[in-house]
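Structure file target.pdb with PDB, C-alpha atoms, pLDDT in the B column:
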ATOM      1  CA  MET A   1     -24.260  19.663   5.246  1.00 44.00           C
ATOM      2  CA  ILE A   2     -26.203  16.918   3.516  1.00 46.00           C
ATOM      3  CA  VAL A   3     -26.659  17.079  -0.228  1.00 44.00           C
ATOM      4  CA  ARG A   4     -28.871  14.644  -2.106  1.00 43.00           C
ATOM      5  CA  VAL A   5     -27.266  13.757  -5.413  1.00 43.00           C
ATOM      6  CA  GLY A   6     -29.774  13.660  -8.229  1.00 41.00           C
ATOM      7  CA  ASN A   7     -32.532  15.434  -6.263  1.00 42.00           C
ATOM      8  CA  SER A   8     -33.356  18.826  -7.748  1.00 43.00           C
ATOM      9  CA  ASN A   9     -35.307  19.955  -4.651  1.00 46.00           C
ATOM     10  CA  THR A  10     -32.201  20.580  -2.563  1.00 42.00           C
ATOM     11  CA  LYS A  11     -31.104  24.010  -1.499  1.00 46.00           C
ATOM     12  CA  HIS A  12     -27.458  23.495  -2.491  1.00 45.00           C
ATOM     13  CA  GLN A  13     -26.830  21.646  -5.714  1.00 44.00           C
ATOM     14  CA  PRO A  14     -23.937  19.151  -5.719  1.00 41.00           C
ATOM     15  CA  PRO A  15     -21.016  19.694  -8.056  1.00 43.00           C
ATOM     16  CA  PRO A  16     -21.969  18.645 -11.597  1.00 40.00           C
ATOM     17  CA  TYR A  17     -19.439  15.800 -11.644  1.00 40.00           C
ATOM     18  CA  CYS A  18     -20.873  13.856  -8.679  1.00 46.00           C
ATOM     19  CA  PRO A  19     -22.521  10.554  -9.555  1.00 42.00           C
ATOM     20  CA  THR A  20     -26.261  10.785 -10.004  1.00 44.00           C
ATOM     21  CA  GLU A  21     -27.368   8.282  -7.396  1.00 53.00           C
ATOM     22  CA  ASP A  22     -30.282   8.571  -5.014  1.00 54.00           C
ATOM     23  CA  GLU A  23     -28.195   8.463  -1.849  1.00 58.00           C
ATOM     24  CA  PRO A  24     -27.202  11.290   0.461  1.00 66.00           C
ATOM     25  CA  VAL A  25     -23.731  12.721   0.004  1.00 74.00           C
ATOM     26  CA  HIS A  26     -22.138  14.231   3.098  1.00 89.00           C
ATOM     27  CA  ILE A  27     -19.334  16.618   2.160  1.00 94.00           C
ATOM     28  CA  ALA A  28     -16.507  15.789   4.561  1.00 96.00           C
ATOM     29  CA  PRO A  29     -15.973  18.470   7.213  1.00 96.00           C
ATOM     30  CA  LEU A  30     -12.525  19.981   7.522  1.00 96.00           C
ATOM     31  CA  ARG A  31     -11.815  18.408  10.927  1.00 97.00           C
ATOM     32  CA  PHE A  32     -12.134  14.892   9.482  1.00 97.00           C
ATOM     33  CA  ARG A  33      -9.971  15.796   6.494  1.00 97.00           C
ATOM     34  CA  PHE A  34      -7.236  17.109   8.814  1.00 97.00           C
ATOM     35  CA  ALA A  35      -7.476  13.981  10.977  1.00 98.00           C
ATOM     36  CA  ALA A  36      -7.038  11.806   7.881  1.00 98.00           C
ATOM     37  CA  ILE A  37      -4.060  13.924   6.771  1.00 98.00           C
ATOM     38  CA  LEU A  38      -2.492  13.422  10.212  1.00 98.00           C
ATOM     39  CA  TYR A  39      -2.991   9.640  10.032  1.00 98.00           C
ATOM     40  CA  ASP A  40      -1.564   9.494   6.506  1.00 98.00           C
ATOM     41  CA  GLY A  41       1.351  11.668   7.601  1.00 98.00           C
ATOM     42  CA  LEU A  42       2.258   9.088  10.237  1.00 98.00           C
ATOM     43  CA  VAL A  43       2.129   6.264   7.687  1.00 98.00           C
ATOM     44  CA  VAL A  44       4.250   8.232   5.193  1.00 98.00           C
ATOM     45  CA  LEU A  45       6.711   9.098   7.964  1.00 98.00           C
ATOM     46  CA  ALA A  46       7.112   5.381   8.714  1.00 98.00           C
ATOM     47  CA  VAL A  47       7.726   4.666   5.012  1.00 98.00           C
ATOM     48  CA  TRP A  48      10.317   7.460   4.886  1.00 97.00           C
ATOM     49  CA  VAL A  49      12.134   6.151   7.974  1.00 97.00           C
ATOM     50  CA  MET A  50      12.234   2.683   6.416  1.00 98.00           C
ATOM     51  CA  THR A  51      13.593   4.157   3.164  1.00 97.00           C
ATOM     52  CA  ILE A  52      16.331   6.074   4.975  1.00 96.00           C
ATOM     53  CA  VAL A  53      17.307   3.011   7.017  1.00 96.00           C
ATOM     54  CA  ILE A  54      17.546   0.900   3.849  1.00 96.00           C
ATOM     55  CA  LEU A  55      19.591   3.568   2.055  1.00 96.00           C
ATOM     56  CA  VAL A  56      21.993   3.996   4.976  1.00 96.00           C
ATOM     57  CA  THR A  57      22.377   0.225   5.242  1.00 95.00           C
ATOM     58  CA  VAL A  58      23.075  -0.224   1.529  1.00 95.00           C
ATOM     59  CA  ILE A  59      25.344   2.813   1.125  1.00 92.00           C
ATOM     60  CA  GLY A  60      27.035   2.459   4.503  1.00 91.00           C
ATOM     61  CA  ASP A  61      27.154   6.201   5.100  1.00 91.00           C
ATOM     62  CA  ALA A  62      24.825   9.122   5.744  1.00 91.00           C
ATOM     63  CA  VAL A  63      22.465   9.925   2.904  1.00 93.00           C
ATOM     64  CA  VAL A  64      21.982  13.616   2.214  1.00 93.00           C
ATOM     65  CA  GLY A  65      21.232  15.828  -0.719  1.00 94.00           C
ATOM     66  CA  ALA A  66      18.545  16.735  -3.157  1.00 97.00           C
ATOM     67  CA  TRP A  67      18.309  13.196  -4.535  1.00 96.00           C
ATOM     68  CA  VAL A  68      17.137  11.863  -1.139  1.00 96.00           C
ATOM     69  CA  GLN A  69      14.583  14.636  -0.768  1.00 96.00           C
ATOM     70  CA  SER A  70      13.354  13.982  -4.300  1.00 97.00           C
ATOM     71  CA  LEU A  71      13.038  10.277  -3.558  1.00 97.00           C
ATOM     72  CA  LEU A  72      10.982  10.960  -0.428  1.00 97.00           C
ATOM     73  CA  PHE A  73       8.782  13.421  -2.336  1.00 98.00           C
ATOM     74  CA  ILE A  74       8.166  10.822  -5.057  1.00 98.00           C
ATOM     75  CA  GLU A  75       7.309   8.236  -2.387  1.00 98.00           C
ATOM     76  CA  LEU A  76       4.718  10.610  -0.924  1.00 98.00           C
ATOM     77  CA  TYR A  77       3.199  11.198  -4.344  1.00 98.00           C
ATOM     78  CA  LEU A  78       3.104   7.491  -5.244  1.00 98.00           C
ATOM     79  CA  PHE A  79       1.583   6.586  -1.861  1.00 98.00           C
ATOM     80  CA  LEU A  80      -1.272   9.040  -2.325  1.00 98.00           C
ATOM     81  CA  VAL A  81      -1.896   8.308  -6.004  1.00 97.00           C
ATOM     82  CA  PHE A  82      -1.891   4.554  -5.416  1.00 97.00           C
ATOM     83  CA  PHE A  83      -4.515   4.680  -2.672  1.00 97.00           C
ATOM     84  CA  TRP A  84      -6.647   7.389  -4.307  1.00 97.00           C
ATOM     85  CA  CYS A  85      -6.825   5.498  -7.601  1.00 96.00           C
ATOM     86  CA  TRP A  86      -6.982   1.974  -6.183  1.00 95.00           C
ATOM     87  CA  ARG A  87      -9.464   2.380  -3.304  1.00 94.00           C
ATOM     88  CA  GLY A  88     -10.673   5.963  -3.592  1.00 95.00           C
ATOM     89  CA  GLN A  89      -9.295   6.578  -0.119  1.00 96.00           C
ATOM     90  CA  THR A  90      -6.011   6.526   1.767  1.00 97.00           C
ATOM     91  CA  LEU A  91      -5.480   4.677   5.034  1.00 97.00           C
ATOM     92  CA  GLY A  92      -6.222   7.835   7.015  1.00 97.00           C
ATOM     93  CA  MET A  93      -9.368   8.440   4.991  1.00 97.00           C
ATOM     94  CA  LEU A  94     -10.452   4.863   5.668  1.00 96.00           C
ATOM     95  CA  ALA A  95     -10.121   5.414   9.420  1.00 96.00           C
ATOM     96  CA  TRP A  96     -12.390   8.478   9.279  1.00 96.00           C
ATOM     97  CA  ARG A  97     -14.842   7.040   6.717  1.00 95.00           C
ATOM     98  CA  LEU A  98     -13.845   9.504   3.990  1.00 97.00           C
ATOM     99  CA  ARG A  99     -13.914   8.677   0.297  1.00 96.00           C
ATOM    100  CA  ILE A 100     -13.182  10.496  -2.944  1.00 97.00           C
ATOM    101  CA  ARG A 101     -16.169  10.755  -5.269  1.00 95.00           C
ATOM    102  CA  SER A 102     -15.872  11.731  -8.901  1.00 94.00           C
ATOM    103  CA  GLU A 103     -17.920  11.338 -12.028  1.00 91.00           C
ATOM    104  CA  ASP A 104     -16.052   8.248 -13.182  1.00 91.00           C
ATOM    105  CA  ARG A 105     -13.237   6.182 -11.767  1.00 92.00           C
ATOM    106  CA  PHE A 106     -10.625   8.419 -10.129  1.00 95.00           C
ATOM    107  CA  THR A 107      -7.691   8.732 -12.549  1.00 96.00           C
ATOM    108  CA  PRO A 108      -3.977   9.457 -12.052  1.00 97.00           C
ATOM    109  CA  THR A 109      -4.528  12.812 -13.776  1.00 97.00           C
ATOM    110  CA  GLN A 110      -7.140  13.720 -11.181  1.00 97.00           C
ATOM    111  CA  ALA A 111      -4.765  12.492  -8.469  1.00 98.00           C
ATOM    112  CA  LEU A 112      -2.116  14.877  -9.780  1.00 98.00           C
ATOM    113  CA  GLY A 113      -4.625  17.734  -9.499  1.00 98.00           C
ATOM    114  CA  ARG A 114      -5.510  16.693  -5.942  1.00 98.00           C
ATOM    115  CA  PHE A 115      -1.807  16.454  -5.025  1.00 98.00           C
ATOM    116  CA  VAL A 116      -0.972  19.874  -6.506  1.00 98.00           C
ATOM    117  CA  GLY A 117      -4.008  21.375  -4.766  1.00 98.00           C
ATOM    118  CA  GLY A 118      -2.855  19.899  -1.468  1.00 97.00           C
ATOM    119  CA  LEU A 119       0.664  21.248  -1.919  1.00 97.00           C
ATOM    120  CA  ALA A 120      -0.709  24.682  -2.759  1.00 98.00           C
ATOM    121  CA  SER A 121      -2.982  24.529   0.277  1.00 97.00           C
ATOM    122  CA  PHE A 122      -0.099  23.688   2.595  1.00 97.00           C
ATOM    123  CA  ALA A 123       2.140  26.305   0.957  1.00 97.00           C
ATOM    124  CA  THR A 124      -0.464  28.991   1.731  1.00 98.00           C
ATOM    125  CA  LEU A 125      -0.756  27.887   5.377  1.00 97.00           C
ATOM    126  CA  GLY A 126      -4.046  26.053   4.844  1.00 96.00           C
ATOM    127  CA  LEU A 127      -5.844  28.655   2.751  1.00 97.00           C
ATOM    128  CA  GLY A 128      -6.785  26.036   0.149  1.00 97.00           C
ATOM    129  CA  PHE A 129      -8.408  23.891   2.827  1.00 97.00           C
ATOM    130  CA  PHE A 130     -10.165  26.759   4.618  1.00 97.00           C
ATOM    131  CA  TRP A 131     -11.464  27.872   1.239  1.00 96.00           C
ATOM    132  CA  MET A 132     -14.273  25.330   1.643  1.00 96.00           C
ATOM    133  CA  TRP A 133     -15.858  27.580   4.280  1.00 96.00           C
ATOM    134  CA  PHE A 134     -16.402  30.252   1.600  1.00 96.00           C
ATOM    135  CA  ASP A 135     -17.071  28.047  -1.428  1.00 95.00           C
ATOM    136  CA  GLN A 136     -20.753  27.556  -2.249  1.00 94.00           C
ATOM    137  CA  ASP A 137     -20.163  23.843  -2.952  1.00 93.00           C
ATOM    138  CA  ARG A 138     -17.886  23.476   0.127  1.00 95.00           C
ATOM    139  CA  MET A 139     -14.954  22.395  -2.030  1.00 96.00           C
ATOM    140  CA  THR A 140     -11.239  22.851  -1.329  1.00 97.00           C
ATOM    141  CA  TRP A 141      -8.634  23.711  -3.933  1.00 97.00           C
ATOM    142  CA  SER A 142      -7.772  20.009  -4.169  1.00 97.00           C
ATOM    143  CA  ASP A 143     -11.413  19.189  -4.884  1.00 97.00           C
ATOM    144  CA  ARG A 144     -11.615  21.822  -7.595  1.00 97.00           C
ATOM    145  CA  LEU A 145      -8.344  20.847  -9.298  1.00 97.00           C
ATOM    146  CA  SER A 146      -9.176  17.136  -9.275  1.00 97.00           C
ATOM    147  CA  ARG A 147     -12.835  17.511 -10.280  1.00 96.00           C
ATOM    148  CA  SER A 148     -13.815  15.344  -7.322  1.00 96.00           C
ATOM    149  CA  VAL A 149     -15.136  15.767  -3.821  1.00 96.00           C
ATOM    150  CA  VAL A 150     -14.300  14.160  -0.466  1.00 97.00           C
ATOM    151  CA  VAL A 151     -17.374  12.741   1.224  1.00 96.00           C
ATOM    152  CA  ARG A 152     -17.966  11.126   4.598  1.00 95.00           C
ATOM    153  CA  THR A 153     -19.783   7.838   4.331  1.00 90.00           C
ATOM    154  CA  PRO A 154     -22.489   7.086   6.873  1.00 86.00           C
ATOM    155  CA  ARG A 155     -21.728   4.701   9.707  1.00 81.00           C
ATOM    156  CA  ARG A 156     -22.900   1.192   8.970  1.00 75.00           C
ATOM    157  CA  THR A 157     -25.170  -0.199  11.591  1.00 65.00           C
ATOM    158  CA  THR A 158     -24.848  -3.883  12.312  1.00 65.00           C
ATOM    159  CA  ARG A 159     -27.796  -5.822  13.561  1.00 63.00           C
ATOM    160  CA  SER A 160     -26.996  -8.370  16.168  1.00 58.00           C
ATOM    161  CA  SER A 161     -29.149 -11.409  16.203  1.00 52.00           C
ATOM    162  CA  THR A 162     -30.732 -12.091  19.543  1.00 54.00           C
ATOM    163  CA  ARG A 163     -32.078 -15.476  20.437  1.00 50.00           C
TER     164      ARG A 163
END
Any chance you could put this one into structure tokens?
Amino acid sequence: MIVRVGNSNTKHQPPPYCPTEDEPVHIAPLRFRFAAILYDGLVVLAVWVMTIVILVTVIGDAVVGAWVQSLLFIELYLFLVFFWCWRGQTLGMLAWRLRIRSEDRFTPTQALGRFVGGLASFATLGLGFFWMWFDQDRMTWSDRLSRSVVVRTPRRTTRSSTR
């Protein structure tokens, strides 16, 4: 679905918090969002393995318990918040040309809403993600809670100079 932000002649109006620019906004399809989540999951898994290796090396014994799980959970949260607020996209989103769009600069408060929405979506076996198929604005629970939307940027075409 293509939505023109700022154009009142469109069939589906964009969410009211999208920037009013005269460029097309392509709401990211679910398949690209899941692909980005998979990519980010691999990166986070690598960070977690490195954390566990460092902890085992420093402590000299197996590391178990709620404190380790809490540490890994905090690492996941900080990874996502850092990339969402710094670049507007995670590494997986970058690979699939996805970006978070909001009215102003994406804030840590909005990132918390996106994180909680994602957790709720996973806890309900994807219902929060599949919700976009029924939502008139094609927004997931994460989009609603963070007052932002995930868009897919168009592919840049490069012109090669021929001589």
Next item on the list: May I have the residues at most 12 Å from (14.2, 15.0, 3.1) in the file's coordinates, counting all atoms listed in the file, as a ChimeraX atom specification?
Entry: /A:45,48-49,51-52,63-76
Coordinates-based distance that separates CA of Arg33 (chain A) from CA of Arg87 (chain A) (Å, one decimal):
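Pair CA of Arg87 (chain A) / CA of Arg33 (chain A) returns 16.6 Å.
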* If you apply the PyMOL selection byres ((chain A and resi 101) around 9) to this file, what residues do you get, as number ranges by chain? -> A: 17-19, 88, 99-100, 102-106, 148-151
Give me, please, the distance in Å between CA of Cys85 (chain A) and CA of Gln110 (chain A), quoted to one decimal.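 A separation of 9.0 Å between them.
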Check: In terms of the shortest atom-to-atom distance over only C-alpha atoms, which of A:Val58, A:Leu98, A:Val44, A:Val53 is closest to Ala28 (chain A)?
Finding: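 For Ala28 (chain A), the nearest of the candidates is A:Leu98.
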Give me, as a compact mmCIF listing (two decimals) with C-alpha atoms, in the frame of the given file, all polymer residues having an atom no more than 10 Å from Trp96 (chain A), counting all atoms listed in the file and skipping those fewer than 6 positions away in the same chain.
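Written out: out21.txt:
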# COMPACT_ATOMS: atom_id res chain seq x y z
CA ALA A 28 -16.51 15.79 4.56
CA PHE A 32 -12.13 14.89 9.48
CA ARG A 33 -9.97 15.80 6.49
CA ALA A 35 -7.48 13.98 10.98
CA ALA A 36 -7.04 11.81 7.88
CA TYR A 39 -2.99 9.64 10.03
CA ARG A 152 -17.97 11.13 4.60
CA THR A 153 -19.78 7.84 4.33
For region 35-46 of chain A, which lacks atoms in the input, supply all heavy atoms and format the output as a short mmCIF file (atom, residue, chain, number, x, y, z; two decimals), in the frame of the given file.
data_model
loop_
_atom_site.label_atom_id
_atom_site.label_comp_id
_atom_site.auth_asym_id
_atom_site.auth_seq_id
_atom_site.Cartn_x
_atom_site.Cartn_y
_atom_site.Cartn_z
N ALA A 35 -7.79 15.20 10.23
CA ALA A 35 -7.48 13.98 10.98
C ALA A 35 -6.92 12.91 10.03
O ALA A 35 -5.95 12.22 10.37
CB ALA A 35 -8.72 13.47 11.71
N ALA A 36 -7.52 12.77 8.86
CA ALA A 36 -7.04 11.81 7.88
C ALA A 36 -5.64 12.17 7.39
O ALA A 36 -4.79 11.30 7.21
CB ALA A 36 -8.00 11.72 6.70
N ILE A 37 -5.39 13.47 7.19
CA ILE A 37 -4.06 13.92 6.77
C ILE A 37 -3.04 13.58 7.84
O ILE A 37 -1.92 13.13 7.54
CB ILE A 37 -4.07 15.44 6.45
CG1 ILE A 37 -4.85 15.70 5.16
CG2 ILE A 37 -2.66 15.99 6.34
CD1 ILE A 37 -5.14 17.16 4.89
N LEU A 38 -3.40 13.76 9.11
CA LEU A 38 -2.49 13.42 10.21
C LEU A 38 -2.18 11.92 10.22
O LEU A 38 -1.02 11.52 10.34
CB LEU A 38 -3.09 13.85 11.55
CG LEU A 38 -2.26 13.55 12.78
CD1 LEU A 38 -0.95 14.33 12.76
CD2 LEU A 38 -3.06 13.85 14.03
N TYR A 39 -3.20 11.09 10.08
CA TYR A 39 -2.99 9.64 10.03
C TYR A 39 -2.08 9.26 8.87
O TYR A 39 -1.15 8.48 9.02
CB TYR A 39 -4.33 8.91 9.87
CG TYR A 39 -5.09 8.67 11.15
CD1 TYR A 39 -5.11 9.60 12.18
CD2 TYR A 39 -5.82 7.50 11.34
CE1 TYR A 39 -5.82 9.39 13.34
CE2 TYR A 39 -6.54 7.28 12.50
CZ TYR A 39 -6.54 8.23 13.50
OH TYR A 39 -7.25 8.01 14.63
N ASP A 40 -2.38 9.81 7.68
CA ASP A 40 -1.56 9.49 6.51
C ASP A 40 -0.14 10.00 6.67
O ASP A 40 0.81 9.36 6.21
CB ASP A 40 -2.19 10.09 5.24
CG ASP A 40 -3.45 9.36 4.82
OD1 ASP A 40 -3.56 8.15 5.10
OD2 ASP A 40 -4.33 10.01 4.22
N GLY A 41 0.01 11.14 7.34
CA GLY A 41 1.35 11.67 7.60
C GLY A 41 2.17 10.71 8.45
O GLY A 41 3.38 10.54 8.22
N LEU A 42 1.54 10.06 9.41
CA LEU A 42 2.26 9.09 10.24
C LEU A 42 2.67 7.86 9.43
O LEU A 42 3.77 7.34 9.60
CB LEU A 42 1.39 8.67 11.43
CG LEU A 42 1.12 9.77 12.46
CD1 LEU A 42 0.13 9.28 13.51
CD2 LEU A 42 2.41 10.25 13.11
N VAL A 43 1.80 7.41 8.54
CA VAL A 43 2.13 6.26 7.69
C VAL A 43 3.27 6.63 6.74
O VAL A 43 4.23 5.85 6.58
CB VAL A 43 0.89 5.78 6.89
CG1 VAL A 43 1.27 4.70 5.89
CG2 VAL A 43 -0.18 5.27 7.84
N VAL A 44 3.19 7.79 6.12
CA VAL A 44 4.25 8.23 5.19
C VAL A 44 5.56 8.42 5.94
O VAL A 44 6.63 8.05 5.44
CB VAL A 44 3.83 9.52 4.45
CG1 VAL A 44 5.00 10.15 3.72
CG2 VAL A 44 2.70 9.23 3.49
N LEU A 45 5.51 8.94 7.15
CA LEU A 45 6.71 9.10 7.96
C LEU A 45 7.37 7.74 8.22
O LEU A 45 8.59 7.61 8.13
CB LEU A 45 6.38 9.79 9.29
CG LEU A 45 7.56 10.09 10.20
CD1 LEU A 45 8.54 11.04 9.54
CD2 LEU A 45 7.06 10.65 11.52
N ALA A 46 6.57 6.73 8.50
CA ALA A 46 7.11 5.38 8.71
C ALA A 46 7.77 4.85 7.44
O ALA A 46 8.84 4.23 7.49
CB ALA A 46 6.01 4.44 9.17
#
